[in-house]
2 protein chains.
Amino acid sequence: MRRPTLHAVAARAGVSKSSVSRVINGEPTVAPEIRQIVMAAVTELGYVPNGAARNLVTQKTNTIAIIVSDPPAGLVSDDPMFAMVVRAASRALEAAGKQVSLVLAGSDESRLRVEQYLAAGHVDGAMLVSMDGSDPLPAVLARTGLPIVSHGRLATPGLMPYVDNDNIGGATTAVQHLLSQGRQRIATISGPLDMQAAQERLNAYRQSLQDTDRRSIVALGDFTRISGAEAMRQLLQDDPQLDAVFAANDLMAIGALRTLREAGRRVPDDVAVVGFDDIEAALYTAPPLTTVRSPMGEQAARTVRLLLDLLADGCAESVILPTEIVIRESA
Amino acid sequence: MRRPTLHAVAARAGVSKSSVSRVINGEPTVAPEIRQIVMAAVTELGYVPNGAARNLVTQKTNTIAIIVSDPPAGLVSDDPMFAMVVRAASRALEAAGKQVSLVLAGSDESRLRVEQYLAAGHVDGAMLVSMDGSDPLPAVLARTGLPIVSHGRLATPGLMPYVDNDNIGGATTAVQHLLSQGRQRIATISGPLDMQAAQERLNAYRQSLQDTDRRSIVALGDFTRISGAEAMRQLLQDDPQLDAVFAANDLMAIGALRTLREAGRRVPDDVAVVGFDDIEAALYTAPPLTTVRSPMGEQAARTVRLLLDLLADGCAESVILPTEIVIRESA
DNA sequence: TCAGTCGTGGGGAACGCTCCCCTTGCTTGG
DNA sequence: CCAAGCAAGGGGAGCGTTCCCCACGACTGA
C-alpha cells in the first residue's frame, strides 16, 4: 500500500502529469475547471508530493540546518541560550516556509559528518550557533560554497556574515554601572576565552578598569553555573576585599550568587553582582539580578533573516544589536 | 560548477556506476584493487553522494523528526526541559546515524504542515515531545502509519508507544516527605491540566492528602516561573496558614520561592517547598530546592531507543522510568 | 574436457517529480 | 478569410542514485 503518486492523481483526474504538477505548484496557466478536477482527485487520494523526488529535480530542499556546537555530554545541559536560540530560529525559519534540520556538532567524527551532510545537498543553507574560536568547522563549512551565516561573531573574520550583540558596549556599561556606585574592587568572571563573546566582554571589562587606574581581578569560567560558583570562590580567595563582580553571563552570575551566599557576603551590600544576557532566571534570583540584556530571541530571528537574504540576494550585511543594562537589586 | 556525480567518479576511475555505488555503500563483493581506484577517484573529485537521489530510490531518508509542541511566542522561552530533551534526543539520534529534523508545532496551520511534512516522506519516523491532551496532532500523525513514539504519556492511550517518568510515584513521594516532616497544610501548584504529567502529579497529590484526611489546596500554573509566582500569591491568599507547597515542576517552585521571599516567609522554616524535575537551577535557589528527580536526559534517550526499536522490529514496549526524591534545604 | 558454480563487474530500469518543448485550438487583426 | 499569436495541456527527458539481472571469466569436480 504505497502513497499515491502524481501519476495516480493524473490518471484519476483524467489529465496529464504536467497539469497536476501545475495545479500543485499553483501555476496560473491552468483552467479553473481543470484545477477543480485535479484538486478533487488530490483530496480524494490523499496525495502529498514526494519530497525526495522534488528535491532531486529542483536541486533544492527548502531546508536549513541549525548547527550547534555541542559540548561533551553533561556540561551545559539545560542552557537557556540553546532553548531560546533554537526555538526562536526555528520559529522564524518555519514562518519563512523552511524546514529545520538540527545538527549537533560534537566530536571530531561528527564534525566530519556535518561537512558530508551539507555537501550531500540535504540543505539549502546553514546557520552556525555558538562556535568557539578554535573550532575549524566554520572555515571548513564556508568552503562548501553553501550560504552560511553565524549567530555570534566568529574569531576568524570575513568567513561569513553574522549577527551579534554589542558585547563590548554591554560589558562597558556593566562596569560603568559598578563604578558609578562607587565600587572599588571590581572583579570579573570570564567565559571561555576561545569564544568570541567571552573575549570581548573580558576586554571591555579590562579596558574600563584601566581607564580608571584600577587593576583587573579575573577568574575564568565556562558560562555554566557551576563554573561561576567556582570562579567566585577563587575570586574571594584572591581578593577578600572585592566589592563587585561582573559575570560574563547570567548563569555564572547565578553560580556566583550562591558562593557569595555560602560565604556569608550580602548582595549587594557587601558585593555587587552584574550579569550578562538577562535570561528569565535573572528575575528570580535572590536578590534579582542586575544584568545586561542581550536580545537573544531577536538575534536569532535576525540571523535567520540574514540567511534568508543571503539565499535570495547572494549577499548580506553583518549586524550588531545593541544591548542595554537592566538594573535590579544585585547591583 | 556542479558537484561531481556517481557517473563522474565512474568515468574518472574507469569503472561502471555500479562498482562505484558498491564501494560507496561498502558492499563486500568488490575486488580490493577496484575499491582502491574508486576511493582514489572519490577523494580526488571530492565526491559526496546526493542525498535526495538516494532518498528517492531507497524510499528512506535516515531522518527522524522531533516534533515539539510550541507555545505561542514568549511563553516558555528558556524552558530547560526543551534544551535537555532536544539535546539528549539529538545526541542519541546522531549516535545512531540518524539526522534530526526539528519541527515546532505551534499554530493550527503549522500543524497541517507537520502532517504534510511527514506524509511527504521527509522522515522515517518521529518523536513527539510535550504534547498536551487536547492536541489532535498525535492522533492525526498516528494515522499516517509512520513509526512514531511519544516522549511523555499521551492523554489518549494506545495511540503510540511512549516513555514517561513515574509522575504518580514521584508526586506521592514528594507529599509523603512533606507529611513526614509534620507539615499540616500542604498546598500544590499544578501544571496545565491538559498535560498528562500535570494531571498525574495533581492526582497523586490529592490522593496522598486524602489518605491522611487533609484537604487539598490547589492553585493552577502552567509550568512557567511566572505562573508559579502568581499561583503562590493566590495560595497565600487562600490559606495564609499553609506550611508547605508541592510545585508540579521546578520552574514553578522557583517562582513560588520568589513570592514567598517577597511575602517575608522563610523557607523552609515557615513554608516548605518541594519541586519536581530536578533541573540544574534547583541547585542554585535560595535555599537549594528539594525536588523529585525525573531523569530527563535518560527519558529522551530511551524515547529514541524506543523509536529505533520500532523502526527495526515494528513493535516496541512503552516504558515508565522511576523517579527519586532529592532532599536539599527547601523541605 | 566440459558442464556447473561462483565471484565480480556492467547495463539499465526505476524511484516521483519538474520543466522544457511541442501540439492543439482558439482568438484577433488586417 | 487567413495568418499570426497566444493560452493551455500533453509528452517526455532528466535529476542522481540503487539494485536487479545478466555476462563473463575462472575454477571446480566428474
# chains A, B, ... in the order shown; residues from 1 in each chain; ligands from 1

call {"tool": "residues_around", "arguments": {"residues": "DC26 (chain C)", "least_positions_apart": "5", "cutoff": "12 Å", "atoms": "only C-alpha atoms (C1' of nucleotides)", "output": "PyMOL selection string"}}
result
chain D and resi 5-8

call {"tool": "write_last_selection", "arguments": {"atoms": "N, CA and C atoms (P, O5', C5', C4', C3', O3' and C1' of nucleotides)", "output": "short mmCIF file (atom, residue, chain, number, x, y, z; two decimals), in the first residue's frame"}}
result
data_model
loop_
_atom_site.label_atom_id
_atom_site.label_comp_id
_atom_site.auth_asym_id
_atom_site.auth_seq_id
_atom_site.Cartn_x
_atom_site.Cartn_y
_atom_site.Cartn_z
P DG D 5 3.37 36.76 -35.15
"O5'" DG D 5 2.53 36.66 -33.80
"C5'" DG D 5 1.45 37.56 -33.59
"C4'" DG D 5 0.56 37.03 -32.48
"C3'" DG D 5 1.34 36.48 -31.28
"O3'" DG D 5 0.85 37.14 -30.11
"C1'" DG D 5 -0.32 34.94 -31.97
P DC D 6 1.70 37.05 -28.72
"O5'" DC D 6 0.65 36.31 -27.80
"C5'" DC D 6 -0.76 36.52 -28.01
"C4'" DC D 6 -1.53 35.39 -27.35
"C3'" DC D 6 -0.80 34.77 -26.15
"O3'" DC D 6 -1.72 34.59 -25.10
"C1'" DC D 6 -1.44 33.09 -27.63
P DA D 7 -1.21 34.65 -23.55
"O5'" DA D 7 -2.37 33.83 -22.85
"C5'" DA D 7 -3.68 33.79 -23.44
"C4'" DA D 7 -4.22 32.37 -23.37
"C3'" DA D 7 -3.84 31.63 -22.08
"O3'" DA D 7 -4.98 30.96 -21.60
"C1'" DA D 7 -3.22 30.35 -23.97
P DA D 8 -5.01 30.36 -20.10
"O5'" DA D 8 -4.82 28.81 -20.39
"C5'" DA D 8 -5.76 28.16 -21.26
"C4'" DA D 8 -5.30 26.76 -21.52
"C3'" DA D 8 -4.72 26.04 -20.30
"O3'" DA D 8 -5.23 24.73 -20.30
"C1'" DA D 8 -3.24 25.86 -22.09
#

call {"tool": "calpha_fit_and_write", "arguments": {"fixed": "chain B", "moving": "chain A", "output": "compact mmCIF listing (two decimals) with C-alpha atoms, in the first residue's frame"}}
result
# COMPACT_ATOMS: atom_id res chain seq x y z
CA MET A 1 30.31 24.22 -11.37
CA ARG A 2 28.24 21.36 -10.11
CA ARG A 3 29.10 18.68 -7.63
CA PRO A 4 30.53 15.53 -9.16
CA THR A 5 28.10 12.66 -9.62
CA LEU A 6 28.45 8.95 -9.36
CA HIS A 7 28.79 8.93 -13.10
CA ALA A 8 31.73 11.31 -12.98
CA VAL A 9 33.51 9.18 -10.43
CA ALA A 10 32.91 6.08 -12.50
CA ALA A 11 34.34 7.75 -15.59
CA ARG A 12 37.34 9.01 -13.65
CA ALA A 13 38.04 5.59 -12.19
CA GLY A 14 37.33 3.77 -15.43
CA VAL A 15 34.70 1.49 -13.90
CA SER A 16 30.93 1.33 -14.00
CA LYS A 17 28.50 3.30 -11.88
CA SER A 18 27.52 0.06 -10.25
CA SER A 19 30.98 -0.57 -8.95
CA VAL A 20 31.30 2.91 -7.54
CA SER A 21 27.95 2.51 -5.86
CA ARG A 22 29.08 -0.76 -4.37
CA VAL A 23 32.24 0.78 -3.01
CA ILE A 24 30.40 3.76 -1.57
CA ASN A 25 27.94 1.53 0.18
CA GLY A 26 30.62 -0.79 1.45
CA GLU A 27 29.39 -3.91 -0.25
CA PRO A 28 31.78 -6.83 0.12
CA THR A 29 31.62 -8.14 -3.43
CA VAL A 30 34.17 -5.82 -4.88
CA ALA A 31 37.84 -6.51 -5.54
CA PRO A 32 40.30 -4.64 -3.31
CA GLU A 33 42.11 -3.03 -6.21
CA ILE A 34 38.91 -1.70 -7.71
CA ARG A 35 37.92 -0.37 -4.34
CA GLN A 36 41.29 1.34 -4.21
CA ILE A 37 40.87 2.98 -7.58
CA VAL A 38 37.35 4.11 -6.81
CA MET A 39 38.31 5.55 -3.45
CA ALA A 40 41.07 7.49 -5.11
CA ALA A 41 38.67 8.95 -7.65
CA VAL A 42 36.22 9.79 -4.88
CA THR A 43 38.68 11.76 -2.83
CA GLU A 44 40.20 13.32 -5.88
CA LEU A 45 36.89 14.68 -7.07
CA GLY A 46 35.56 15.31 -3.59
CA TYR A 47 32.53 13.23 -4.34
CA VAL A 48 29.65 13.07 -1.86
CA PRO A 49 26.53 11.07 -2.76
CA ASN A 50 23.47 13.17 -3.42
CA GLY A 51 21.01 12.75 -0.61
CA ALA A 52 17.82 13.41 -2.50
CA ALA A 53 18.59 10.88 -5.19
CA ARG A 54 19.36 8.31 -2.57
CA ASN A 55 16.24 9.01 -0.61
CA LEU A 56 14.18 8.80 -3.74
CA VAL A 57 15.30 5.38 -4.77
CA THR A 58 15.64 3.78 -1.36
CA GLN A 59 12.41 5.24 -0.06
CA LYS A 60 14.03 6.18 3.19
CA THR A 61 15.69 9.28 4.48
CA ASN A 62 17.65 8.32 7.53
CA THR A 63 16.01 11.28 9.19
CA ILE A 64 13.88 11.45 12.30
CA ALA A 65 11.58 14.32 13.18
CA ILE A 66 11.51 15.72 16.69
CA ILE A 67 8.13 17.36 16.93
CA VAL A 68 7.82 19.81 19.77
CA SER A 69 4.58 21.41 20.71
CA ASP A 70 5.42 25.08 20.63
CA PRO A 71 3.58 27.54 22.84
CA PRO A 72 2.81 30.98 21.50
CA ALA A 73 5.93 33.12 21.28
CA GLY A 74 7.13 34.50 24.56
CA LEU A 75 5.64 31.95 26.86
CA VAL A 76 8.14 29.32 27.86
CA SER A 77 11.07 30.92 26.21
CA ASP A 78 14.02 29.39 27.99
CA ASP A 79 12.51 26.14 29.16
CA PRO A 80 15.33 23.89 30.37
CA MET A 81 13.21 20.90 29.51
CA PHE A 82 13.28 21.85 25.86
CA ALA A 83 17.03 22.18 25.89
CA MET A 84 17.62 18.93 27.74
CA VAL A 85 15.21 16.82 25.76
CA VAL A 86 16.09 18.14 22.34
CA ARG A 87 19.76 17.96 23.06
CA ALA A 88 19.72 14.49 24.55
CA ALA A 89 17.47 13.16 21.81
CA SER A 90 19.61 14.69 19.10
CA ARG A 91 22.70 13.16 20.57
CA ALA A 92 21.14 9.74 20.73
CA LEU A 93 19.82 10.04 17.21
CA GLU A 94 23.10 11.24 15.87
CA ALA A 95 24.88 8.40 17.61
CA ALA A 96 22.56 6.05 15.73
CA GLY A 97 23.49 7.70 12.45
CA LYS A 98 20.17 9.48 12.06
CA GLN A 99 19.67 13.04 11.02
CA VAL A 100 17.35 15.23 13.02
CA SER A 101 14.57 17.36 11.70
CA LEU A 102 13.25 19.76 14.30
CA VAL A 103 9.62 20.65 13.90
CA LEU A 104 7.83 23.20 16.05
CA ALA A 105 4.11 22.57 16.07
CA GLY A 106 2.58 25.87 17.01
CA SER A 107 -0.36 27.37 15.24
CA ASP A 108 -3.07 25.33 13.57
CA GLU A 109 -1.74 25.93 10.10
CA SER A 110 1.71 24.81 11.14
CA ARG A 111 0.12 21.62 12.42
CA LEU A 112 -1.26 21.00 8.97
CA ARG A 113 2.19 21.50 7.60
CA VAL A 114 3.57 18.95 10.01
CA GLU A 115 1.18 16.36 8.72
CA GLN A 116 2.03 17.15 5.12
CA TYR A 117 5.68 17.09 5.99
CA LEU A 118 5.51 13.59 7.40
CA ALA A 119 3.30 12.40 4.56
CA ALA A 120 5.79 13.76 2.03
CA GLY A 121 8.22 11.14 3.20
CA HIS A 122 10.80 13.56 4.51
CA VAL A 123 11.39 11.42 7.57
CA ASP A 124 11.45 7.75 8.52
CA GLY A 125 9.86 8.29 11.88
CA ALA A 126 9.03 10.86 14.51
CA MET A 127 9.19 11.56 18.19
CA LEU A 128 6.59 13.74 19.88
CA VAL A 129 7.58 15.99 22.75
CA SER A 130 5.35 17.62 25.37
CA MET A 131 2.04 17.28 23.62
CA ASP A 132 -0.93 18.42 25.60
CA GLY A 133 -4.02 16.30 25.90
CA SER A 134 -6.26 18.50 23.84
CA ASP A 135 -3.91 18.43 20.92
CA PRO A 136 -5.27 16.43 17.98
CA LEU A 137 -1.83 16.17 16.43
CA PRO A 138 -0.80 12.80 17.88
CA ALA A 139 -3.95 11.15 16.59
CA VAL A 140 -3.56 12.71 13.18
CA LEU A 141 0.07 11.73 12.90
CA ALA A 142 -0.53 8.23 14.17
CA ARG A 143 -2.83 7.79 11.20
CA THR A 144 -0.01 8.40 8.74
CA GLY A 145 1.28 4.94 9.52
CA LEU A 146 4.77 6.22 10.18
CA PRO A 147 6.63 4.90 13.22
CA ILE A 148 6.03 7.47 15.93
CA VAL A 149 6.74 7.47 19.64
CA SER A 150 5.97 9.94 22.35
CA HIS A 151 8.20 11.50 24.97
CA GLY A 152 5.71 11.53 27.81
CA ARG A 153 2.45 9.66 28.03
CA LEU A 154 -0.41 10.94 25.92
CA ALA A 155 -3.93 11.57 27.12
CA THR A 156 -5.29 9.19 24.50
CA PRO A 157 -3.90 5.77 25.33
CA GLY A 158 -2.82 3.21 22.77
CA LEU A 159 -2.01 5.66 20.04
CA MET A 160 1.71 5.03 20.15
CA PRO A 161 4.39 3.72 22.50
CA TYR A 162 5.91 6.20 24.92
CA VAL A 163 8.52 6.71 27.59
CA ASP A 164 7.48 8.58 30.67
CA ASN A 165 8.69 9.03 34.19
CA ASP A 166 6.79 7.91 37.20
CA ASN A 167 4.79 11.05 37.87
CA ILE A 168 2.47 9.41 40.32
CA GLY A 169 5.21 7.77 42.33
CA GLY A 170 7.26 10.94 42.31
CA ALA A 171 4.46 13.22 43.43
CA THR A 172 3.42 10.75 46.08
CA THR A 173 6.93 10.63 47.46
CA ALA A 174 7.10 14.41 47.50
CA VAL A 175 3.92 14.74 49.52
CA GLN A 176 4.96 11.90 51.82
CA HIS A 177 8.17 13.74 52.51
CA LEU A 178 6.24 16.85 53.47
CA LEU A 179 3.92 14.82 55.67
CA SER A 180 6.81 13.10 57.38
CA GLN A 181 8.09 16.51 58.36
CA GLY A 182 4.87 17.11 60.17
CA ARG A 183 3.56 19.67 57.74
CA GLN A 184 -0.11 20.26 58.28
CA ARG A 185 -1.36 22.39 55.43
CA ILE A 186 0.14 21.25 52.23
CA ALA A 187 -0.76 23.12 49.08
CA THR A 188 0.12 22.36 45.49
CA ILE A 189 0.80 24.34 42.37
CA SER A 190 -0.40 22.29 39.46
CA GLY A 191 0.75 22.35 35.87
CA PRO A 192 -1.61 22.89 32.98
CA LEU A 193 -4.27 20.24 33.31
CA ASP A 194 -4.38 19.37 29.65
CA MET A 195 -0.93 17.91 30.09
CA GLN A 196 -0.85 14.36 31.26
CA ALA A 197 2.12 14.84 33.59
CA ALA A 198 0.37 17.71 35.36
CA GLN A 199 -2.77 15.64 35.78
CA GLU A 200 -0.93 12.71 37.25
CA ARG A 201 1.08 14.81 39.66
CA LEU A 202 -2.04 16.59 40.84
CA ASN A 203 -3.98 13.37 41.26
CA ALA A 204 -1.18 11.81 43.26
CA TYR A 205 -1.05 14.88 45.48
CA ARG A 206 -4.79 14.73 46.05
CA GLN A 207 -4.75 11.05 46.78
CA SER A 208 -1.90 11.36 49.26
CA LEU A 209 -3.64 14.09 51.21
CA GLN A 210 -6.93 12.31 51.12
CA ASP A 211 -5.28 9.29 52.66
CA THR A 212 -4.44 11.40 55.69
CA ASP A 213 -7.73 13.25 55.79
CA ARG A 214 -6.28 16.54 54.80
CA ARG A 215 -7.89 18.82 52.33
CA SER A 216 -6.30 19.83 49.06
CA ILE A 217 -5.25 23.40 48.45
CA VAL A 218 -4.71 23.80 44.75
CA ALA A 219 -3.58 26.64 42.54
CA LEU A 220 -3.16 26.36 38.84
CA GLY A 221 0.03 27.18 36.97
CA ASP A 222 1.33 26.42 33.52
CA PHE A 223 4.83 25.12 34.28
CA THR A 224 6.45 28.58 33.97
CA ARG A 225 8.22 30.51 36.70
CA ILE A 226 5.86 33.44 36.51
CA SER A 227 2.83 31.23 36.81
CA GLY A 228 4.42 29.63 39.87
CA ALA A 229 4.92 33.03 41.42
CA GLU A 230 1.33 34.00 40.76
CA ALA A 231 -0.07 30.72 41.96
CA MET A 232 1.88 31.08 45.19
CA ARG A 233 0.38 34.51 45.71
CA GLN A 234 -3.05 33.00 45.23
CA LEU A 235 -2.28 30.20 47.62
CA LEU A 236 -1.10 32.58 50.31
CA GLN A 237 -4.32 34.45 49.96
CA ASP A 238 -6.48 31.32 50.01
CA ASP A 239 -4.79 29.90 53.06
CA PRO A 240 -2.38 32.16 54.92
CA GLN A 241 -1.67 29.32 57.31
CA LEU A 242 -0.22 26.92 54.81
CA ASP A 243 3.12 25.47 55.78
CA ALA A 244 4.12 23.51 52.67
CA VAL A 245 3.86 23.63 48.91
CA PHE A 246 4.39 20.95 46.32
CA ALA A 247 5.02 22.53 42.94
CA ALA A 248 4.46 20.30 39.93
CA ASN A 249 7.77 21.38 38.44
CA ASP A 250 10.92 23.19 39.48
CA LEU A 251 10.31 26.26 37.39
CA MET A 252 7.09 26.95 39.26
CA ALA A 253 8.81 26.13 42.54
CA ILE A 254 11.36 28.80 41.71
CA GLY A 255 8.57 31.26 41.08
CA ALA A 256 6.92 30.25 44.34
CA LEU A 257 10.17 30.78 46.18
CA ARG A 258 10.28 34.36 44.99
CA THR A 259 6.75 35.08 46.09
CA LEU A 260 7.45 33.52 49.45
CA ARG A 261 10.54 35.67 49.86
CA GLU A 262 8.63 38.79 48.92
CA ALA A 263 5.92 37.88 51.38
CA GLY A 264 8.50 37.52 54.12
CA ARG A 265 7.98 33.82 54.66
CA ARG A 266 11.05 31.85 55.46
CA VAL A 267 11.77 28.65 53.61
CA PRO A 268 11.72 26.02 54.95
CA ASP A 269 10.97 27.33 58.46
CA ASP A 270 7.61 28.86 57.67
CA VAL A 271 6.83 27.12 54.43
CA ALA A 272 8.45 24.04 52.95
CA VAL A 273 8.76 23.82 49.18
CA VAL A 274 9.22 20.75 47.03
CA GLY A 275 9.58 20.86 43.28
CA PHE A 276 9.63 18.29 40.52
CA ASP A 277 12.19 17.51 37.80
CA ASP A 278 15.47 18.43 39.45
CA ILE A 279 16.66 20.81 36.80
CA GLU A 280 20.10 22.23 37.33
CA ALA A 281 18.70 25.53 38.56
CA ALA A 282 17.26 23.73 41.57
CA LEU A 283 20.77 23.55 42.97
CA TYR A 284 21.12 27.30 42.89
CA THR A 285 17.96 28.59 44.52
CA ALA A 286 17.99 30.12 47.99
CA PRO A 287 17.59 27.78 49.73
CA PRO A 288 18.51 24.92 47.38
CA LEU A 289 15.39 23.15 46.26
CA THR A 290 14.22 19.79 47.48
CA THR A 291 12.73 18.12 44.44
CA VAL A 292 11.83 14.92 42.67
CA ARG A 293 14.38 13.97 40.10
CA SER A 294 13.00 12.92 36.78
CA PRO A 295 15.67 11.58 34.50
CA MET A 296 15.02 13.90 31.56
CA GLY A 297 18.13 13.08 29.63
CA GLU A 298 17.65 9.37 30.04
CA GLN A 299 14.00 9.68 29.19
CA ALA A 300 14.88 11.34 25.93
CA ALA A 301 17.51 8.76 25.12
CA ARG A 302 15.12 5.95 25.91
CA THR A 303 12.47 7.50 23.73
CA VAL A 304 14.93 7.51 20.88
CA ARG A 305 15.76 3.88 21.58
CA LEU A 306 12.08 3.07 21.53
CA LEU A 307 11.71 4.67 18.14
CA LEU A 308 14.76 2.90 16.81
CA ASP A 309 13.33 -0.40 17.99
CA LEU A 310 10.02 0.42 16.40
CA LEU A 311 11.81 1.19 13.17
CA ALA A 312 13.70 -2.07 13.29
CA ASP A 313 11.17 -4.52 14.71
CA GLY A 314 7.87 -2.88 14.02
CA CYS A 315 6.91 -3.03 17.66
CA ALA A 316 8.07 -1.55 20.94
CA GLU A 317 7.07 -1.54 24.59
CA SER A 318 6.28 1.64 26.48
CA VAL A 319 8.48 2.39 29.46
CA ILE A 320 8.01 4.19 32.73
CA LEU A 321 11.18 5.42 34.38
CA PRO A 322 11.50 5.65 38.15
CA THR A 323 11.90 8.95 39.94
CA GLU A 324 13.61 9.67 43.22
CA ILE A 325 13.39 12.46 45.70
CA VAL A 326 16.41 14.70 46.19
CA ILE A 327 16.39 16.33 49.57
CA ARG A 328 18.09 19.69 49.86
CA GLU A 329 17.17 22.58 52.08
CA SER A 330 13.80 23.85 51.01
CA ALA A 331 11.94 20.99 52.63

call {"tool": "residues_around", "arguments": {"residues": "DC20 (chain D)", "least_positions_apart": "5", "cutoff": "12 Å", "atoms": "only C-alpha atoms (C1' of nucleotides)", "output": "ChimeraX atom specification"}}
result
/B:18 /C:11-14

call {"tool": "select_by_dssp", "arguments": {"residues": "region 218-305 of chain B", "states": "alpha helix (DSSP H)", "output": "PyMOL selection string"}}
result
chain B and resi 225-238+250-262+296-305

call {"tool": "write_last_selection", "arguments": {"atoms": "N, CA and C atoms", "output": "compact mmCIF listing (two decimals), in the first residue's frame"}}
result
# COMPACT_ATOMS: atom_id res chain seq x y z
N ARG B 225 7.85 29.87 35.43
CA ARG B 225 8.22 30.51 36.70
C ARG B 225 7.17 31.53 37.11
N ILE B 226 6.79 32.36 36.15
CA ILE B 226 5.86 33.43 36.49
C ILE B 226 4.54 32.88 36.99
N SER B 227 4.10 31.81 36.37
CA SER B 227 2.83 31.22 36.82
C SER B 227 2.98 30.64 38.21
N GLY B 228 4.18 30.15 38.52
CA GLY B 228 4.43 29.64 39.86
C GLY B 228 4.37 30.76 40.88
N ALA B 229 4.94 31.89 40.51
CA ALA B 229 4.94 33.03 41.42
C ALA B 229 3.51 33.50 41.67
N GLU B 230 2.74 33.55 40.61
CA GLU B 230 1.35 34.00 40.76
C GLU B 230 0.51 33.01 41.55
N ALA B 231 0.70 31.75 41.25
CA ALA B 231 -0.06 30.72 41.95
C ALA B 231 0.25 30.78 43.45
N MET B 232 1.50 31.03 43.76
CA MET B 232 1.89 31.09 45.18
C MET B 232 1.19 32.25 45.87
N ARG B 233 1.08 33.34 45.16
CA ARG B 233 0.39 34.50 45.71
C ARG B 233 -1.07 34.13 46.02
N GLN B 234 -1.65 33.47 45.07
CA GLN B 234 -3.03 33.01 45.21
C GLN B 234 -3.17 32.10 46.43
N LEU B 235 -2.25 31.19 46.54
CA LEU B 235 -2.26 30.21 47.62
C LEU B 235 -2.17 30.91 48.98
N LEU B 236 -1.28 31.86 49.07
CA LEU B 236 -1.07 32.59 50.31
C LEU B 236 -2.35 33.31 50.72
N GLN B 237 -3.06 33.74 49.71
CA GLN B 237 -4.30 34.45 49.97
C GLN B 237 -5.39 33.48 50.40
N ASP B 238 -5.44 32.34 49.71
CA ASP B 238 -6.46 31.33 50.02
C ASP B 238 -6.28 30.74 51.41
N ASP B 250 9.95 22.34 38.80
CA ASP B 250 10.92 23.20 39.47
C ASP B 250 10.78 24.66 39.09
N LEU B 251 10.45 24.89 37.84
CA LEU B 251 10.31 26.27 37.38
C LEU B 251 9.26 26.99 38.23
N MET B 252 8.14 26.34 38.43
CA MET B 252 7.09 26.95 39.25
C MET B 252 7.52 27.05 40.70
N ALA B 253 8.30 26.09 41.16
CA ALA B 253 8.81 26.14 42.53
C ALA B 253 9.71 27.36 42.70
N ILE B 254 10.49 27.63 41.68
CA ILE B 254 11.37 28.80 41.71
C ILE B 254 10.53 30.09 41.78
N GLY B 255 9.48 30.12 41.01
CA GLY B 255 8.57 31.26 41.07
C GLY B 255 7.95 31.39 42.45
N ALA B 256 7.55 30.26 43.01
CA ALA B 256 6.93 30.26 44.33
C ALA B 256 7.90 30.77 45.38
N LEU B 257 9.14 30.35 45.25
CA LEU B 257 10.18 30.79 46.19
C LEU B 257 10.28 32.31 46.20
N ARG B 258 10.18 32.90 45.04
CA ARG B 258 10.29 34.34 44.98
C ARG B 258 9.12 35.02 45.69
N THR B 259 7.93 34.52 45.42
CA THR B 259 6.76 35.09 46.08
C THR B 259 6.87 34.95 47.59
N LEU B 260 7.30 33.79 48.03
CA LEU B 260 7.45 33.53 49.46
C LEU B 260 8.44 34.52 50.08
N ARG B 261 9.53 34.74 49.39
CA ARG B 261 10.55 35.66 49.87
C ARG B 261 9.97 37.06 49.98
N GLU B 262 9.25 37.45 48.92
CA GLU B 262 8.65 38.79 48.91
C GLU B 262 7.61 38.94 50.02
N MET B 296 15.37 13.35 32.89
CA MET B 296 15.01 13.89 31.56
C MET B 296 15.91 13.41 30.44
N GLY B 297 17.19 13.47 30.71
CA GLY B 297 18.12 13.05 29.66
C GLY B 297 17.92 11.60 29.30
N GLU B 298 17.82 10.77 30.32
CA GLU B 298 17.64 9.36 30.05
C GLU B 298 16.29 9.11 29.37
N GLN B 299 15.30 9.84 29.81
CA GLN B 299 13.98 9.67 29.20
C GLN B 299 14.04 9.94 27.70
N ALA B 300 14.74 11.00 27.35
CA ALA B 300 14.86 11.33 25.93
C ALA B 300 15.61 10.24 25.18
N ALA B 301 16.69 9.79 25.78
CA ALA B 301 17.50 8.75 25.13
C ALA B 301 16.68 7.47 24.97
N ARG B 302 15.92 7.15 26.00
CA ARG B 302 15.10 5.95 25.92
C ARG B 302 14.00 6.09 24.88
N THR B 303 13.48 7.28 24.76
CA THR B 303 12.45 7.51 23.74
C THR B 303 13.02 7.27 22.35
N VAL B 304 14.24 7.74 22.17
CA VAL B 304 14.91 7.50 20.89
C VAL B 304 15.09 6.00 20.67
N ARG B 305 15.56 5.32 21.69
CA ARG B 305 15.75 3.87 21.60
C ARG B 305 14.45 3.19 21.20

call {"tool": "closest_atom_pairs", "arguments": {"of": "chain D", "to": "chain A", "cutoff": "9 Å", "atoms": "only C-alpha atoms (C1' of nucleotides)", "output": "Markdown table"}}
result
| residue | atom | partner | partner_atom | distance |
| --- | --- | --- | --- | --- |
| D:DA7 | C1' | A:Thr29 | CA | 7.6 |
| D:DA8 | C1' | A:Val30 | CA | 6.4 |
| D:DG9 | C1' | A:Ser19 | CA | 6.7 |
| D:DG10 | C1' | A:Ser16 | CA | 6.1 |
| D:DG11 | C1' | A:Ser16 | CA | 8.9 |
| D:DG14 | C1' | A:Val57 | CA | 8.2 |
| D:DC15 | C1' | A:Val57 | CA | 4.5 |
| D:DG16 | C1' | A:Leu56 | CA | 7.6 |

call {"tool": "select_by_dssp", "arguments": {"residues": "region 223-329 of chain A", "states": "strand (DSSP E)", "output": "JSON, numbers by chain"}}
result
{"A": [244, 245, 246, 247, 272, 273, 274, 275, 276, 277, 290, 291, 292, 293, 319, 320, 321, 324, 325, 326]}

call {"tool": "write_last_selection", "arguments": {"atoms": "C-alpha atoms", "output": "CSV table (one decimal), in the first residue's frame"}}
result
chain,number,residue,atom,x,y,z
A,244,ALA,CA,31.8,43.9,43.0
A,245,VAL,CA,31.7,41.2,40.4
A,246,PHE,CA,30.9,41.4,36.7
A,247,ALA,CA,30.0,37.9,35.4
A,272,ALA,CA,27.5,43.9,43.9
A,273,VAL,CA,26.9,41.4,41.1
A,274,VAL,CA,26.1,42.2,37.5
A,275,GLY,CA,25.4,39.5,34.9
A,276,PHE,CA,25.0,39.5,31.2
A,277,ASP,CA,22.2,38.2,28.9
A,290,THR,CA,21.1,43.4,37.6
A,291,THR,CA,22.3,42.4,34.1
A,292,VAL,CA,22.9,43.5,30.6
A,293,ARG,CA,20.1,42.5,28.3
A,319,VAL,CA,24.6,43.2,12.1
A,320,ILE,CA,25.4,44.2,15.7
A,321,LEU,CA,22.5,44.5,18.0
A,324,GLU,CA,21.0,47.7,27.5
A,325,ILE,CA,21.5,47.4,31.2
A,326,VAL,CA,18.7,46.2,33.3
